[in-house]
Amino acid sequence: RGKKAFVAGVADDNGFGWAISKALSEAGAEVILGTWVPALNIFETSYRRGKFDESRKLSDGSLMEFAKIYPMDAVFDTPDDVPEDIATNKRYAGNEKWTVSEVAKCVEADFGKIDIVVHSLANGPEVAKPLLETSRKGYLAAVSASSYSMVSMVQHFAPLMNEGGAVISLTYIASEAVIPGYGGGMSSAKAALESDTRVLAYEAGRKHGIRVNTISAGPLGSRAAKAIGFIDKMINYSLSNAPLAEKPLGAIEIGNTAAFLCSPLASAITGQTIYVDNGLSVMGSAT
Ligand code: NAI
């Protein structure tokens with residue numbers, strides 16, 4: 001039986017979510033997407049126009065297909081949580097059932113039980129501000145979009161996952177060591193995400209028999225990372241200082257690790273933060 005994967009956080013072909021979808025497709029899984037509502041229209045239009053065809057190519061020559069693309073906003077759990085300004089926002093108009101609980105219900109109605117859930121999303125409106133200048137609102141928004149969104153996804157999707165299933169998210173070393181420039185409470189949000197990975201591994205392991213892990217990825221020039229503004233510096237730092245120096249980090253390397261972690265090959269791995277960063281995290285100084 002082919003596995004079914006729900007991947008949240010794909011809106012172009014540059015990020016980790018896309019690469020994970022690709023690795024899962026290569027491994028024979030059926031991939032269902034949850035795409036941020038304001039980004040959905042342009043993603044679907046570009047997809048239809050063939051803009052991603054080159055990056056959709058799988059090793060057997062066929063093109064990666066998504067079983068379905070749902071609109072989703074991981075900051076809201078139920079329709080009652082949606083404030084008026086979002087409900088009436090024109091970037092949300094024409095879409096429905098995009099809160100986490102509603103998406104989970106739609107996935108269950110359309111696909112039944114699933115095996116894999118991928119959380120590849122983050123947002124911190126004040127990421128460019130140092131923590132020392134971050135507002136309460138900005139900090140809580142970062143944690144809501146980047147950490148609680150994972151808790152919410154596990155709450156709502158775990159009940160529709162087959163035993164032996166797996167959840168994966170993406171984290172960053174700024175959770176445990178100071179990375180100047182990764183502000184706005186995003187470092188805090190990643191620390192919460194890693195801690196929640198352990199607690200959810202325990203709770204959802206006991207309750208649903210599923211595994212929960214997070215991948216601490218090295219720097220990638222994704223759309224989200226470019227918005228932070230310091231990604232080129234981080235990539236160059238890694239190229240100079242990682243044990244695997246001068247080796248660019250490919251998103252697909254994170255994708256392949258995710259496919260491994262979601263497979264029976266990783267059946268005893270849960271609650272872990274797995275580093276996929278050319279080894280940069282083991283260095284204690286620049287070289
Ligand atoms: P990306 O831009 O490809 O992915 C982020 C996605 O989150 C986008 O598709 C965006 O539409 C979506 N999103 C934002 N707010 C959302 C919401 N409220 N509901 C649903 N979707 C929402 O960028 P990237 O870098 O691939 O990010 C994926 C994950 O990887 C994030 O958790 C990020 O923090 C993490 N990561 C990225 C690193 C990098 O250097 N790019 C390094 C380590 C971790």
# chains A, B, ... in the order shown; residues from 1 in each chain; ligands from 1
$ residues_around --residues "Thr214 (chain A)" --least-positions-apart "6" --cutoff "8 Å" --atoms "only C-alpha atoms" --output "PyMOL selection string"
chain A and resi 168-171+194+197+271-274
$ residues_near_ligand --ligand "ligand 1" --cutoff "6 Å" --atoms "only C-alpha atoms and all ligand atoms" --output "PyMOL selection string"
chain A and resi 9-11+14-17+35-36+39+72-75+120-123+145+170-172+216-225
$ write_last_selection --atoms "N, CA and C atoms" --output "mmCIF file, in the first residue's frame"
data_model
loop_
_atom_site.group_PDB
_atom_site.id
_atom_site.type_symbol
_atom_site.label_atom_id
_atom_site.label_comp_id
_atom_site.auth_asym_id
_atom_site.auth_seq_id
_atom_site.Cartn_x
_atom_site.Cartn_y
_atom_site.Cartn_z
ATOM 1 N N GLY A 9 2.906 23.865 3.945
ATOM 2 C CA GLY A 9 3.976 24.847 3.794
ATOM 3 C C GLY A 9 4.700 24.761 2.462
ATOM 4 N N VAL A 10 3.933 24.542 1.386
ATOM 5 C CA VAL A 10 4.527 24.569 0.048
ATOM 6 C C VAL A 10 3.805 25.658 -0.752
ATOM 7 N N ALA A 11 4.566 26.652 -1.232
ATOM 8 C CA ALA A 11 3.948 27.692 -2.061
ATOM 9 C C ALA A 11 4.825 28.044 -3.259
ATOM 10 N N ASN A 14 11.040 26.214 -4.194
ATOM 11 C CA ASN A 14 12.358 26.498 -3.614
ATOM 12 C C ASN A 14 12.568 25.991 -2.205
ATOM 13 N N GLY A 15 11.491 25.797 -1.458
ATOM 14 C CA GLY A 15 11.630 25.553 -0.025
ATOM 15 C C GLY A 15 11.781 24.083 0.333
ATOM 16 N N PHE A 16 11.866 23.856 1.645
ATOM 17 C CA PHE A 16 12.008 22.487 2.147
ATOM 18 C C PHE A 16 10.741 21.653 1.907
ATOM 19 N N GLY A 17 9.569 22.284 1.995
ATOM 20 C CA GLY A 17 8.309 21.542 1.813
ATOM 21 C C GLY A 17 8.236 20.889 0.438
ATOM 22 N N THR A 35 -1.615 24.658 1.517
ATOM 23 C CA THR A 35 -0.873 25.864 1.129
ATOM 24 C C THR A 35 -1.511 27.105 1.752
ATOM 25 N N TRP A 36 -0.643 27.967 2.278
ATOM 26 C CA TRP A 36 -1.106 29.186 2.957
ATOM 27 C C TRP A 36 -2.079 29.938 2.056
ATOM 28 N N ALA A 39 -1.099 32.659 -0.384
ATOM 29 C CA ALA A 39 -0.100 32.280 -1.391
ATOM 30 C C ALA A 39 -0.665 31.284 -2.403
ATOM 31 N N MET A 72 -4.959 26.596 3.443
ATOM 32 C CA MET A 72 -4.786 26.391 4.874
ATOM 33 C C MET A 72 -4.143 27.630 5.496
ATOM 34 N N ASP A 73 -4.565 27.954 6.692
ATOM 35 C CA ASP A 73 -3.846 28.944 7.494
ATOM 36 C C ASP A 73 -3.666 28.369 8.883
ATOM 37 N N ALA A 74 -2.419 28.022 9.188
ATOM 38 C CA ALA A 74 -2.104 27.275 10.408
ATOM 39 C C ALA A 74 -2.148 28.134 11.669
ATOM 40 N N VAL A 75 -2.526 29.399 11.512
ATOM 41 C CA VAL A 75 -2.638 30.291 12.669
ATOM 42 C C VAL A 75 -4.038 30.199 13.291
ATOM 43 N N SER A 120 6.077 22.318 7.431
ATOM 44 C CA SER A 120 7.242 23.021 6.879
ATOM 45 C C SER A 120 6.886 24.492 6.723
ATOM 46 N N LEU A 121 6.509 25.097 7.833
ATOM 47 C CA LEU A 121 6.076 26.496 7.756
ATOM 48 C C LEU A 121 6.505 27.260 8.989
ATOM 49 N N ALA A 122 6.663 28.550 8.790
ATOM 50 C CA ALA A 122 7.060 29.442 9.875
ATOM 51 C C ALA A 122 6.714 30.850 9.434
ATOM 52 N N ASN A 123 6.477 31.703 10.396
ATOM 53 C CA ASN A 123 6.245 33.104 10.093
ATOM 54 C C ASN A 123 6.519 33.934 11.338
ATOM 55 N N ALA A 145 2.402 31.092 14.696
ATOM 56 C CA ALA A 145 2.535 30.582 13.326
ATOM 57 C C ALA A 145 3.584 29.477 13.227
ATOM 58 N N LEU A 170 10.382 21.347 10.677
ATOM 59 C CA LEU A 170 11.691 21.926 10.366
ATOM 60 C C LEU A 170 12.068 22.940 11.427
ATOM 61 N N THR A 171 13.288 22.800 11.953
ATOM 62 C CA THR A 171 13.728 23.768 12.944
ATOM 63 C C THR A 171 15.080 24.331 12.543
ATOM 64 N N TYR A 172 15.615 25.198 13.398
ATOM 65 C CA TYR A 172 16.859 25.905 13.060
ATOM 66 C C TYR A 172 17.675 26.079 14.322
ATOM 67 N N SER A 216 16.662 19.820 12.069
ATOM 68 C CA SER A 216 17.331 21.111 12.186
ATOM 69 C C SER A 216 18.174 21.295 10.927
ATOM 70 N N ALA A 217 17.678 22.139 10.051
ATOM 71 C CA ALA A 217 18.273 22.273 8.722
ATOM 72 C C ALA A 217 19.295 23.397 8.678
ATOM 73 N N GLY A 218 20.297 23.215 7.857
ATOM 74 C CA GLY A 218 21.239 24.294 7.569
ATOM 75 C C GLY A 218 20.559 25.332 6.692
ATOM 76 N N PRO A 219 21.254 26.443 6.410
ATOM 77 C CA PRO A 219 20.631 27.552 5.691
ATOM 78 C C PRO A 219 20.336 27.247 4.217
ATOM 79 N N LEU A 220 19.153 27.680 3.779
ATOM 80 C CA LEU A 220 18.702 27.497 2.391
ATOM 81 C C LEU A 220 18.074 28.814 1.932
ATOM 82 N N GLY A 221 18.373 29.212 0.719
ATOM 83 C CA GLY A 221 17.828 30.476 0.208
ATOM 84 C C GLY A 221 16.395 30.368 -0.267
ATOM 85 N N SER A 222 15.495 29.964 0.638
ATOM 86 C CA SER A 222 14.071 29.845 0.304
ATOM 87 C C SER A 222 13.430 31.231 0.316
ATOM 88 N N ARG A 223 12.181 31.269 -0.070
ATOM 89 C CA ARG A 223 11.454 32.534 -0.054
ATOM 90 C C ARG A 223 11.384 33.110 1.363
ATOM 91 N N ALA A 224 11.058 32.237 2.335
ATOM 92 C CA ALA A 224 10.948 32.697 3.721
ATOM 93 C C ALA A 224 12.297 33.209 4.219
ATOM 94 N N ALA A 225 13.371 32.495 3.872
ATOM 95 C CA ALA A 225 14.693 32.879 4.360
ATOM 96 C C ALA A 225 15.143 34.194 3.740
#
$ residues_around --residues "region 77-80 of chain A" --least-positions-apart "3" --cutoff "8 Å" --atoms "only C-alpha atoms" --output "list in words"
Ala74, Pro83, Lys97, Thr99, Val100, Ser101, Glu102 and Ser152 of chain A
$ residues_around --residues "region 25-30 of chain A" --least-positions-apart "6" --cutoff "6 Å" --atoms "only C-alpha atoms" --output "list in words"
Gly2, Lys3 and Lys4 of chain A
$ residues_around --residues "region 246-249 of chain A" --least-positions-apart "5" --cutoff "7 Å" --atoms "only C-alpha atoms" --output "count of residues only"
3
$ select_by_dssp --residues "region 58-274 of chain A" --states "strand (DSSP E)" --output "ChimeraX atom specification"
/A:66-72,114-119,161-171,211-217,273-274
$ write_last_selection --atoms "C-alpha atoms" --output "PDB file, in the first residue's frame"
ATOM      1  CA  PHE A  66      -0.177  16.453  -5.867  1.00  0.00           C
ATOM      2  CA  ALA A  67      -3.282  14.456  -4.994  1.00  0.00           C
ATOM      3  CA  LYS A  68      -4.971  17.685  -3.877  1.00  0.00           C
ATOM      4  CA  ILE A  69      -4.029  21.188  -2.745  1.00  0.00           C
ATOM      5  CA  TYR A  70      -6.018  22.563   0.180  1.00  0.00           C
ATOM      6  CA  PRO A  71      -6.041  26.181   1.301  1.00  0.00           C
ATOM      7  CA  MET A  72      -4.786  26.391   4.874  1.00  0.00           C
ATOM      8  CA  ILE A 114      -3.015   9.123   6.261  1.00  0.00           C
ATOM      9  CA  ASP A 115       0.512   8.078   7.273  1.00  0.00           C
ATOM     10  CA  ILE A 116       2.711  11.164   7.208  1.00  0.00           C
ATOM     11  CA  VAL A 117       2.266  14.779   8.298  1.00  0.00           C
ATOM     12  CA  VAL A 118       4.859  17.409   7.395  1.00  0.00           C
ATOM     13  CA  HIS A 119       4.966  20.855   9.023  1.00  0.00           C
ATOM     14  CA  MET A 161      -3.118   8.814  11.098  1.00  0.00           C
ATOM     15  CA  ASN A 162      -2.401   5.119  10.810  1.00  0.00           C
ATOM     16  CA  GLU A 163      -0.409   3.559  13.609  1.00  0.00           C
ATOM     17  CA  GLY A 164       3.281   3.660  12.685  1.00  0.00           C
ATOM     18  CA  GLY A 165       2.764   7.047  11.062  1.00  0.00           C
ATOM     19  CA  ALA A 166       5.179   9.945  11.429  1.00  0.00           C
ATOM     20  CA  VAL A 167       5.185  13.712  11.824  1.00  0.00           C
ATOM     21  CA  ILE A 168       8.108  15.906  10.722  1.00  0.00           C
ATOM     22  CA  SER A 169       8.784  19.594  11.174  1.00  0.00           C
ATOM     23  CA  LEU A 170      11.691  21.926  10.366  1.00  0.00           C
ATOM     24  CA  THR A 171      13.728  23.768  12.944  1.00  0.00           C
ATOM     25  CA  ARG A 211       6.428   9.226  15.796  1.00  0.00           C
ATOM     26  CA  VAL A 212       7.275  12.930  15.942  1.00  0.00           C
ATOM     27  CA  ASN A 213      10.675  14.345  14.918  1.00  0.00           C
ATOM     28  CA  THR A 214      12.095  17.639  13.757  1.00  0.00           C
ATOM     29  CA  ILE A 215      14.909  18.322  11.287  1.00  0.00           C
ATOM     30  CA  SER A 216      17.331  21.111  12.186  1.00  0.00           C
ATOM     31  CA  ALA A 217      18.273  22.273   8.722  1.00  0.00           C
ATOM     32  CA  THR A 273      16.009  16.920  16.593  1.00  0.00           C
ATOM     33  CA  ILE A 274      18.018  15.610  13.636  1.00  0.00           C
TER      34      ILE A 274
END
$ closest_residue --among "A:Ile173, A:Ala227, A:Ile86, A:Met153" --to "Glu126 (chain A)" --atoms "only C-alpha atoms"
A:Ala227
$ closest_residue --among "A:Ala259, A:Phe52, A:Val37, A:Glu84" --to "Trp98 (chain A)" --atoms "only C-alpha atoms"
A:Val37
$ closest_residue --among "A:Ala174, A:Tyr92, A:Leu24, A:Met283" --to "Leu261 (chain A)" --atoms "only C-alpha atoms"
A:Leu24
$ atom_distance --atom1 "CA of Leu58 (chain A)" --atom2 "CA of Asp277 (chain A)"
23.9 Å
$ residues_around --residues "Pro125 (chain A)" --least-positions-apart "5" --cutoff "8 Å" --atoms "only C-alpha atoms" --output "NGL selection string"
:A and (138 or 141-142 or 184)
$ residues_around --residues "Val143 (chain A)" --least-positions-apart "4" --cutoff "8 Å" --atoms "only C-alpha atoms" --output "list of chain:residue names"
A:Gly124, A:Tyr139, A:Ser147, A:Tyr148, A:Gly185, A:Met186, A:Ser188, A:Ala189, A:Ala192
